[in-house]
Each structure stands twice: as structure tokens, then as C-alpha cells.
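K.L.:
One structure is given below, represented as C-alpha cells, and several questions about it will come after.
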Amino acid sequence: MALVEKSKSAAQPLLATSVFDKGNFPFKCVTEETPCSSCFDSSAPPKPLLIVTPTVTGTYPIIVLLHGFYLRNYFYQDLLQHIASHGFIAVAPQLYGYMPPTGPEEIESGAKVINWLAKGLQSLLPENVVPDFTKFALSGHSRGGKAAFALALGHAKTALSLKFSVLIGIDPVAGANQHCRTRPHILTYEPQSFNLSIPVTVIGTGLGPEKKNACMSKPCAPNGVNHEEFFYECKPPCAHFVVKDYGHMDMLDDDPPGLVGALSGCMCKNGTGPKELMRKTVGGIVVAFLKAYLNGEDEDLVAIVEDPAVSPAKLEPVEFIRA
């Protein structure tokens, strides 16, 4: 039987882990736009891409991050750089512009990007940097987190040419409430009901279920459709980390540019601490999980689960269900 471990913070960390700091791999950012609508270039990606890649010669695992509702992929640049600096190729597509698509359309766009990566990613990487598609992680934030789960569950009509090794949801949200969810409806409200055979981690926020203020009618990550329900429906091995004192948008870069960037900072309840600590925490958890399940190096993940006090931001609760 699977064992559920719930951690309690200790006064002194058992192990100081470096995953919460930037790693030692030098990296570079690559942006690739799609061709104009009247042009045809079969070698171009179907959607604009932001890629953060190590530059040192080697073969590296890949992680794809799907952005949240109405957000821009470059709002996650610091988080992507954190992950890449630990030896991972991070890819963030811009799935849509100023007109958000339906849920199924968003999933189809994600599927097309993933299929393009199998044949086109290499051409955008530095010389002697090789993507290892046998170690392929899918992740997403907010509505993008829900889209990542939907893709992993096989809801895309487009057949996928790559298999996912790991799934990571960063404060995933499936709709406004249980009765108003985005399609496809993937939540079943039954324990361990997701038909997934890969390791999953869900990172939630303590302030996501709270309204920004009395003037806001709804929270950004409502109970019943947020991280708690996603984790509840995961099969082992799976993990759940809640960043207690931070909100739904606090893993984004400081002061994202433009009108959308300004709106991202005022729609959801935010933590009062530096957002850098939130990004370090989320980045560290993602890196620890990738190292454990893609590279077979679980020391950092074990350290965080056994003693959440190693995290820059408070983690409560922390749950890990072993296979």
C-alpha cells in the first residue's frame, strides 16, 4: 500500500539543498516567432517560443511550461532560467495572444508545439547541445496547468509524437468553481482517478483560494478546482507542496511589462514577501522533482519532503505518496 508522508517543519534543516539557488550551468535565452499568417514555413514552430537552454556541450532533459490564462511566456523568464541553470532545456510556448481560445483549442495548440519540438527543437539550440526526448517533462501554471494535465490524460485530438516522463502542475486551476469549469472536464472528484502512469507533482499556493479584496468577486484559484483537487486525483508516485504565504501569480517575474503584466499583479491576492523567494521555492521544487524522476538523483527531493524548512518560502503542507 502506498504510504502518505506529511512533513512538519523542523527548527533546523536536515540538509541545505542547492536546488533553491541558480545552478552552475551557463544558459542563454532564445526566442522564436511564428511566420506571418500569409507566409508558409514548415520548419517554423506553430506558436512563438521562449527557450532557455544550457550552453555547455551535453545532452539535456526537456521541460515544457504552458503559461497561465491570458499571460505571456516571458513573464516566467526568471523561473525558466532557474530551471535551465540546473541542466534542463526549458521551453515556454505562447499558446495564444489577446483572444484566449477555448480549452480544447488550447490543448490542440499545445499538442502541435510538442510534436514540432521532436523535429524542430534541435535547430534552435546551441551547437553541441542535444535534447534528450526520453526525458520529457510537461508542466503548466494556472489554466496552463489544467491544460498540461489534459494533454497528459490524452484529451488532445492530435496524436502526440512524444511521451511524457513527468507532469508538474503549478497552482493548476480547472475553472471558476465546480459548476463552471473549462473544457474538457478532467476532474472527477474521485481519489486517484487520473489515468496517469507517470510521476506527478502539484505545487499550490496558500493565498490562491482567497479573494484579492472585497471588490473582487472571485479568487484566482478557487477551492474545488485548484491544486488540492488535482493532487487528490493523482495516483502515486505523486507529491504536493503548498507555498503557504504566497499567491497565484507570485511565481511570475517582478513587474511584468505591458498592460497584461500590470493586470497580472492586481487580479489575485499576493504574498507580502519578496516574489524572488516564491520563484526560488517553485524553481527548487521543480528542479528537485526533475532530478529525482528524470536523472535518478532524489537527494534534494527527499530533503525537501523530510524537512520543508530548507525552502526559502514556507511550505505547508507537504505530502508525498510513494509508489
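Going by the C-alpha cells order, chains are called A, B, ..., each with residues numbered from 1, while ligands are numbered from 1 in the order shown.
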Name all residues at most 8 Å from Glu316 (chain A) (count only C-alpha atoms; drop same-chain ones fewer than 2 positions away) and give them as an MDAnalysis selection string.
P.N.:
chainID A and resid 8 241:244 308 314 318
K.L.:
Output C-alpha atoms for every residue in the selection just made, as a compact mmCIF listing (two decimals), in the first residue's frame.
P.N.:
# COMPACT_ATOMS: atom_id res chain seq x y z
CA LYS A 8 6.33 19.11 9.56
CA PHE A 241 3.74 21.25 -1.98
CA VAL A 242 1.79 24.33 -0.86
CA VAL A 243 3.64 27.65 -0.63
CA LYS A 244 1.62 28.89 2.31
CA PRO A 308 10.39 21.69 4.36
CA LYS A 314 7.21 28.33 3.95
CA VAL A 318 3.99 18.87 2.07
K.L.:
At most 10 Å is the cut-off: for each residue in region 212-249 of chain A with any atom that close to an atom of region 136-157 of chain A, write down the nearest atom pair and the distance in Å rounded to one decimal, counting only C-alpha atoms, chain first then increasing number, as a tab-separated table.
P.N.:
residue	atom	partner	partner_atom	distance
A:Cys220	CA	A:Ser142	CA	8.6
A:Ala221	CA	A:Ser142	CA	7.7
A:Val225	CA	A:Lys146	CA	9.6
A:Asn226	CA	A:Ser142	CA	8.5
A:His227	CA	A:Ser142	CA	9.3
A:Phe230	CA	A:Lys146	CA	8.7
A:His248	CA	A:Ser142	CA	7.7
A:Met249	CA	A:Ser142	CA	8.8
K.L.:
I'd like the contact shell of Pro48 (chain A) - 9 Å cut-off, only C-alpha atoms, skipping same-chain residues fewer than 3 positions apart - returned as a PDB file with N, CA and C atoms, in the first residue's frame.
P.N.:
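File part15.pdb, as written:
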ATOM      1  N   THR A  31      14.464  33.238 -28.452  1.00  0.00           N
ATOM      2  CA  THR A  31      13.066  33.466 -28.812  1.00  0.00           C
ATOM      3  C   THR A  31      12.879  33.137 -30.284  1.00  0.00           C
ATOM      4  N   GLU A  32      11.797  32.473 -30.583  1.00  0.00           N
ATOM      5  CA  GLU A  32      11.492  32.088 -31.958  1.00  0.00           C
ATOM      6  C   GLU A  32      10.042  32.428 -32.240  1.00  0.00           C
ATOM      7  N   GLU A  33       9.835  33.301 -33.197  1.00  0.00           N
ATOM      8  CA  GLU A  33       8.480  33.710 -33.566  1.00  0.00           C
ATOM      9  C   GLU A  33       7.930  32.808 -34.659  1.00  0.00           C
ATOM     10  N   THR A  34       6.611  32.796 -34.783  1.00  0.00           N
ATOM     11  CA  THR A  34       5.979  32.081 -35.886  1.00  0.00           C
ATOM     12  C   THR A  34       5.948  32.988 -37.108  1.00  0.00           C
ATOM     13  N   PRO A  45       8.083  26.899 -35.781  1.00  0.00           N
ATOM     14  CA  PRO A  45       7.179  26.358 -34.773  1.00  0.00           C
ATOM     15  C   PRO A  45       5.763  26.870 -34.982  1.00  0.00           C
ATOM     16  N   ALA A  92       8.962  27.419 -23.304  1.00  0.00           N
ATOM     17  CA  ALA A  92       7.669  28.026 -22.959  1.00  0.00           C
ATOM     18  C   ALA A  92       7.015  28.557 -24.226  1.00  0.00           C
ATOM     19  N   PRO A  93       6.000  27.872 -24.757  1.00  0.00           N
ATOM     20  CA  PRO A  93       5.295  28.398 -25.929  1.00  0.00           C
ATOM     21  C   PRO A  93       4.313  29.495 -25.530  1.00  0.00           C
ATOM     22  N   GLN A  94       4.030  30.391 -26.462  1.00  0.00           N
ATOM     23  CA  GLN A  94       2.941  31.361 -26.290  1.00  0.00           C
ATOM     24  C   GLN A  94       1.748  30.797 -27.054  1.00  0.00           C
ATOM     25  N   LEU A  95       0.823  30.185 -26.332  1.00  0.00           N
ATOM     26  CA  LEU A  95      -0.240  29.422 -26.979  1.00  0.00           C
ATOM     27  C   LEU A  95      -1.298  30.305 -27.618  1.00  0.00           C
TER      28      LEU A  95
END
K.L.:
DSSP on the backbone, alpha helix (DSSP H) only: what residues of region 94-258 of chain A does that give? Format it as a PDB file with N, CA, C and O atoms, in the first residue's frame.
P.N.:
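Below you can see part.pdb, which holds the result:
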ATOM      1  N   GLY A 103     -10.862  25.811 -24.213  1.00  0.00           N
ATOM      2  CA  GLY A 103      -9.966  24.829 -23.615  1.00  0.00           C
ATOM      3  C   GLY A 103      -9.457  23.802 -24.602  1.00  0.00           C
ATOM      4  O   GLY A 103      -8.241  23.552 -24.679  1.00  0.00           O
ATOM      5  N   PRO A 104     -10.352  23.185 -25.390  1.00  0.00           N
ATOM      6  CA  PRO A 104      -9.882  22.207 -26.380  1.00  0.00           C
ATOM      7  C   PRO A 104      -8.924  22.803 -27.411  1.00  0.00           C
ATOM      8  O   PRO A 104      -7.960  22.152 -27.821  1.00  0.00           O
ATOM      9  N   GLU A 105      -9.169  24.058 -27.832  1.00  0.00           N
ATOM     10  CA  GLU A 105      -8.255  24.695 -28.785  1.00  0.00           C
ATOM     11  C   GLU A 105      -6.880  24.915 -28.163  1.00  0.00           C
ATOM     12  O   GLU A 105      -5.853  24.738 -28.832  1.00  0.00           O
ATOM     13  N   GLU A 106      -6.854  25.298 -26.897  1.00  0.00           N
ATOM     14  CA  GLU A 106      -5.587  25.490 -26.197  1.00  0.00           C
ATOM     15  C   GLU A 106      -4.805  24.181 -26.134  1.00  0.00           C
ATOM     16  O   GLU A 106      -3.583  24.151 -26.350  1.00  0.00           O
ATOM     17  N   ILE A 107      -5.493  23.098 -25.872  1.00  0.00           N
ATOM     18  CA  ILE A 107      -4.857  21.786 -25.779  1.00  0.00           C
ATOM     19  C   ILE A 107      -4.301  21.365 -27.138  1.00  0.00           C
ATOM     20  O   ILE A 107      -3.186  20.825 -27.235  1.00  0.00           O
ATOM     21  N   GLU A 108      -5.054  21.630 -28.203  1.00  0.00           N
ATOM     22  CA  GLU A 108      -4.573  21.290 -29.540  1.00  0.00           C
ATOM     23  C   GLU A 108      -3.316  22.092 -29.888  1.00  0.00           C
ATOM     24  O   GLU A 108      -2.377  21.569 -30.489  1.00  0.00           O
ATOM     25  N   SER A 109      -3.301  23.367 -29.507  1.00  0.00           N
ATOM     26  CA  SER A 109      -2.100  24.180 -29.757  1.00  0.00           C
ATOM     27  C   SER A 109      -0.903  23.603 -29.020  1.00  0.00           C
ATOM     28  O   SER A 109       0.204  23.530 -29.562  1.00  0.00           O
ATOM     29  N   GLY A 110      -1.118  23.200 -27.771  1.00  0.00           N
ATOM     30  CA  GLY A 110      -0.043  22.584 -27.008  1.00  0.00           C
ATOM     31  C   GLY A 110       0.468  21.312 -27.649  1.00  0.00           C
ATOM     32  O   GLY A 110       1.683  21.057 -27.709  1.00  0.00           O
ATOM     33  N   ALA A 111      -0.446  20.491 -28.161  1.00  0.00           N
ATOM     34  CA  ALA A 111      -0.061  19.237 -28.810  1.00  0.00           C
ATOM     35  C   ALA A 111       0.774  19.493 -30.061  1.00  0.00           C
ATOM     36  O   ALA A 111       1.766  18.801 -30.326  1.00  0.00           O
ATOM     37  N   LYS A 112       0.395  20.514 -30.838  1.00  0.00           N
ATOM     38  CA  LYS A 112       1.145  20.825 -32.058  1.00  0.00           C
ATOM     39  C   LYS A 112       2.548  21.316 -31.738  1.00  0.00           C
ATOM     40  O   LYS A 112       3.511  20.991 -32.442  1.00  0.00           O
ATOM     41  N   VAL A 113       2.675  22.102 -30.664  1.00  0.00           N
ATOM     42  CA  VAL A 113       4.003  22.561 -30.253  1.00  0.00           C
ATOM     43  C   VAL A 113       4.871  21.371 -29.847  1.00  0.00           C
ATOM     44  O   VAL A 113       6.036  21.272 -30.238  1.00  0.00           O
ATOM     45  N   ILE A 114       4.315  20.482 -29.052  1.00  0.00           N
ATOM     46  CA  ILE A 114       5.066  19.318 -28.583  1.00  0.00           C
ATOM     47  C   ILE A 114       5.531  18.469 -29.765  1.00  0.00           C
ATOM     48  O   ILE A 114       6.689  18.018 -29.808  1.00  0.00           O
ATOM     49  N   ASN A 115       4.661  18.252 -30.734  1.00  0.00           N
ATOM     50  CA  ASN A 115       5.054  17.463 -31.900  1.00  0.00           C
ATOM     51  C   ASN A 115       6.139  18.174 -32.715  1.00  0.00           C
ATOM     52  O   ASN A 115       7.038  17.526 -33.264  1.00  0.00           O
ATOM     53  N   TRP A 116       6.063  19.514 -32.791  1.00  0.00           N
ATOM     54  CA  TRP A 116       7.086  20.249 -33.521  1.00  0.00           C
ATOM     55  C   TRP A 116       8.440  20.142 -32.834  1.00  0.00           C
ATOM     56  O   TRP A 116       9.482  20.047 -33.508  1.00  0.00           O
ATOM     57  N   LEU A 117       8.447  20.136 -31.512  1.00  0.00           N
ATOM     58  CA  LEU A 117       9.714  20.071 -30.780  1.00  0.00           C
ATOM     59  C   LEU A 117      10.516  18.832 -31.162  1.00  0.00           C
ATOM     60  O   LEU A 117      11.745  18.880 -31.238  1.00  0.00           O
ATOM     61  N   ALA A 118       9.826  17.729 -31.398  1.00  0.00           N
ATOM     62  CA  ALA A 118      10.520  16.480 -31.721  1.00  0.00           C
ATOM     63  C   ALA A 118      11.378  16.613 -32.971  1.00  0.00           C
ATOM     64  O   ALA A 118      12.435  15.979 -33.093  1.00  0.00           O
ATOM     65  N   LYS A 119      10.955  17.470 -33.896  1.00  0.00           N
ATOM     66  CA  LYS A 119      11.720  17.609 -35.151  1.00  0.00           C
ATOM     67  C   LYS A 119      12.419  18.956 -35.290  1.00  0.00           C
ATOM     68  O   LYS A 119      13.362  19.080 -36.081  1.00  0.00           O
ATOM     69  N   GLY A 120      11.986  19.959 -34.516  1.00  0.00           N
ATOM     70  CA  GLY A 120      12.494  21.296 -34.739  1.00  0.00           C
ATOM     71  C   GLY A 120      13.313  21.913 -33.624  1.00  0.00           C
ATOM     72  O   GLY A 120      14.036  22.895 -33.851  1.00  0.00           O
ATOM     73  N   ARG A 143      -4.458  28.007 -15.630  1.00  0.00           N
ATOM     74  CA  ARG A 143      -5.182  27.293 -16.685  1.00  0.00           C
ATOM     75  C   ARG A 143      -4.224  26.455 -17.522  1.00  0.00           C
ATOM     76  O   ARG A 143      -4.593  25.378 -18.010  1.00  0.00           O
ATOM     77  N   GLY A 144      -2.982  26.923 -17.680  1.00  0.00           N
ATOM     78  CA  GLY A 144      -1.987  26.129 -18.383  1.00  0.00           C
ATOM     79  C   GLY A 144      -1.642  24.851 -17.646  1.00  0.00           C
ATOM     80  O   GLY A 144      -1.271  23.844 -18.258  1.00  0.00           O
ATOM     81  N   GLY A 145      -1.741  24.865 -16.309  1.00  0.00           N
ATOM     82  CA  GLY A 145      -1.557  23.647 -15.531  1.00  0.00           C
ATOM     83  C   GLY A 145      -2.651  22.645 -15.821  1.00  0.00           C
ATOM     84  O   GLY A 145      -2.397  21.444 -15.975  1.00  0.00           O
ATOM     85  N   LYS A 146      -3.882  23.126 -15.896  1.00  0.00           N
ATOM     86  CA  LYS A 146      -5.003  22.246 -16.264  1.00  0.00           C
ATOM     87  C   LYS A 146      -4.802  21.694 -17.667  1.00  0.00           C
ATOM     88  O   LYS A 146      -5.022  20.497 -17.934  1.00  0.00           O
ATOM     89  N   ALA A 147      -4.328  22.555 -18.609  1.00  0.00           N
ATOM     90  CA  ALA A 147      -4.082  22.105 -19.981  1.00  0.00           C
ATOM     91  C   ALA A 147      -2.998  21.026 -20.014  1.00  0.00           C
ATOM     92  O   ALA A 147      -3.089  20.068 -20.784  1.00  0.00           O
ATOM     93  N   ALA A 148      -1.977  21.177 -19.175  1.00  0.00           N
ATOM     94  CA  ALA A 148      -0.917  20.168 -19.119  1.00  0.00           C
ATOM     95  C   ALA A 148      -1.479  18.827 -18.657  1.00  0.00           C
ATOM     96  O   ALA A 148      -1.151  17.775 -19.229  1.00  0.00           O
ATOM     97  N   PHE A 149      -2.319  18.846 -17.636  1.00  0.00           N
ATOM     98  CA  PHE A 149      -2.956  17.603 -17.178  1.00  0.00           C
ATOM     99  C   PHE A 149      -3.814  17.006 -18.290  1.00  0.00           C
ATOM    100  O   PHE A 149      -3.806  15.786 -18.508  1.00  0.00           O
ATOM    101  N   ALA A 150      -4.579  17.849 -18.997  1.00  0.00           N
ATOM    102  CA  ALA A 150      -5.444  17.350 -20.064  1.00  0.00           C
ATOM    103  C   ALA A 150      -4.629  16.691 -21.173  1.00  0.00           C
ATOM    104  O   ALA A 150      -5.009  15.645 -21.713  1.00  0.00           O
ATOM    105  N   LEU A 151      -3.491  17.302 -21.523  1.00  0.00           N
ATOM    106  CA  LEU A 151      -2.618  16.703 -22.537  1.00  0.00           C
ATOM    107  C   LEU A 151      -2.089  15.351 -22.067  1.00  0.00           C
ATOM    108  O   LEU A 151      -2.082  14.376 -22.825  1.00  0.00           O
ATOM    109  N   ALA A 152      -1.624  15.310 -20.818  1.00  0.00           N
ATOM    110  CA  ALA A 152      -1.080  14.050 -20.285  1.00  0.00           C
ATOM    111  C   ALA A 152      -2.150  12.969 -20.196  1.00  0.00           C
ATOM    112  O   ALA A 152      -1.840  11.774 -20.308  1.00  0.00           O
ATOM    113  N   HIS A 227      -5.323  23.286  -6.747  1.00  0.00           N
ATOM    114  CA  HIS A 227      -4.257  22.305  -6.526  1.00  0.00           C
ATOM    115  C   HIS A 227      -4.672  21.144  -5.637  1.00  0.00           C
ATOM    116  O   HIS A 227      -4.237  20.005  -5.837  1.00  0.00           O
ATOM    117  N   GLU A 228      -5.512  21.401  -4.642  1.00  0.00           N
ATOM    118  CA  GLU A 228      -5.911  20.332  -3.724  1.00  0.00           C
ATOM    119  C   GLU A 228      -6.640  19.216  -4.453  1.00  0.00           C
ATOM    120  O   GLU A 228      -6.381  18.031  -4.220  1.00  0.00           O
ATOM    121  N   GLU A 229      -7.570  19.586  -5.324  1.00  0.00           N
ATOM    122  CA  GLU A 229      -8.329  18.564  -6.059  1.00  0.00           C
ATOM    123  C   GLU A 229      -7.446  17.851  -7.071  1.00  0.00           C
ATOM    124  O   GLU A 229      -7.566  16.628  -7.258  1.00  0.00           O
ATOM    125  N   PHE A 230      -6.548  18.580  -7.727  1.00  0.00           N
ATOM    126  CA  PHE A 230      -5.645  17.936  -8.682  1.00  0.00           C
ATOM    127  C   PHE A 230      -4.793  16.880  -7.980  1.00  0.00           C
ATOM    128  O   PHE A 230      -4.643  15.758  -8.482  1.00  0.00           O
ATOM    129  N   PHE A 231      -4.237  17.236  -6.823  1.00  0.00           N
ATOM    130  CA  PHE A 231      -3.426  16.254  -6.109  1.00  0.00           C
ATOM    131  C   PHE A 231      -4.282  15.082  -5.621  1.00  0.00           C
ATOM    132  O   PHE A 231      -3.849  13.926  -5.684  1.00  0.00           O
ATOM    133  N   TYR A 232      -5.464  15.362  -5.153  1.00  0.00           N
ATOM    134  CA  TYR A 232      -6.387  14.327  -4.653  1.00  0.00           C
ATOM    135  C   TYR A 232      -6.647  13.259  -5.709  1.00  0.00           C
ATOM    136  O   TYR A 232      -6.832  12.086  -5.385  1.00  0.00           O
ATOM    137  N   GLY A 258       3.929  45.770 -19.782  1.00  0.00           N
ATOM    138  CA  GLY A 258       2.692  45.914 -20.534  1.00  0.00           C
ATOM    139  C   GLY A 258       1.447  45.896 -19.680  1.00  0.00           C
ATOM    140  O   GLY A 258       1.484  45.706 -18.457  1.00  0.00           O
TER     141      GLY A 258
END
K.L.:
Which residue, A:Thr53, A:Gln77, A:Ser264, A:Gln192, has the smallest gap to Gly283 (chain A) when you use only C-alpha atoms?
P.N.:
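Answer, going by the shortest atom-to-atom distance: A:Gln77.
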K.L.:
Show me, as a list in words, the residues that have an atom within 10 Å of Thr272 (chain A) when counting only C-alpha atoms, minus same-chain residues fewer than 4 positions from it.
P.N.:
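In the requested format, the answer is Asp245, Tyr246, Gly247 and Asp250 of chain A.
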K.L.:
Mind pulling up the distance from CA of Cys268 (chain A) to CA of Thr188 (chain A)?
P.N.:
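Those two atoms sit 26.2 Å apart.
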K.L.:
Under the rule that only C-alpha atoms are counted, which of A:Val129, A:Val166, A:Ile186, A:Leu290 is the nearest residue to Thr57 (chain A)?
P.N.:
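The closest residue to Thr57 (chain A) is A:Val129.
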K.L.:
Find the spatial neighbours of Phe289 (chain A), counting only C-alpha atoms, within a cut-off of 10 Å - ignore same-chain residues fewer than 3 positions away - and output them as a list in words.
P.N.:
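Counting only the stated atoms, we get Val166, Leu167, Ile168, Pro199, Val200, Thr201, Cys238, Ala239, Gly283, Gly284, Ile285, Val286, Ala292, Tyr293, Leu294, Asn295, Gly296, Glu297, Asp298, Glu299, Asp300, Leu301 and Val302 of chain A.
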K.L.:
Restricting the calculation to only C-alpha atoms, which member of A:Pro191, A:Phe75, A:Thr182, A:Ala176 is positioned closest to Pro209 (chain A)?
P.N.:
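Of all the options, A:Ala176 lies closest to Pro209 (chain A).
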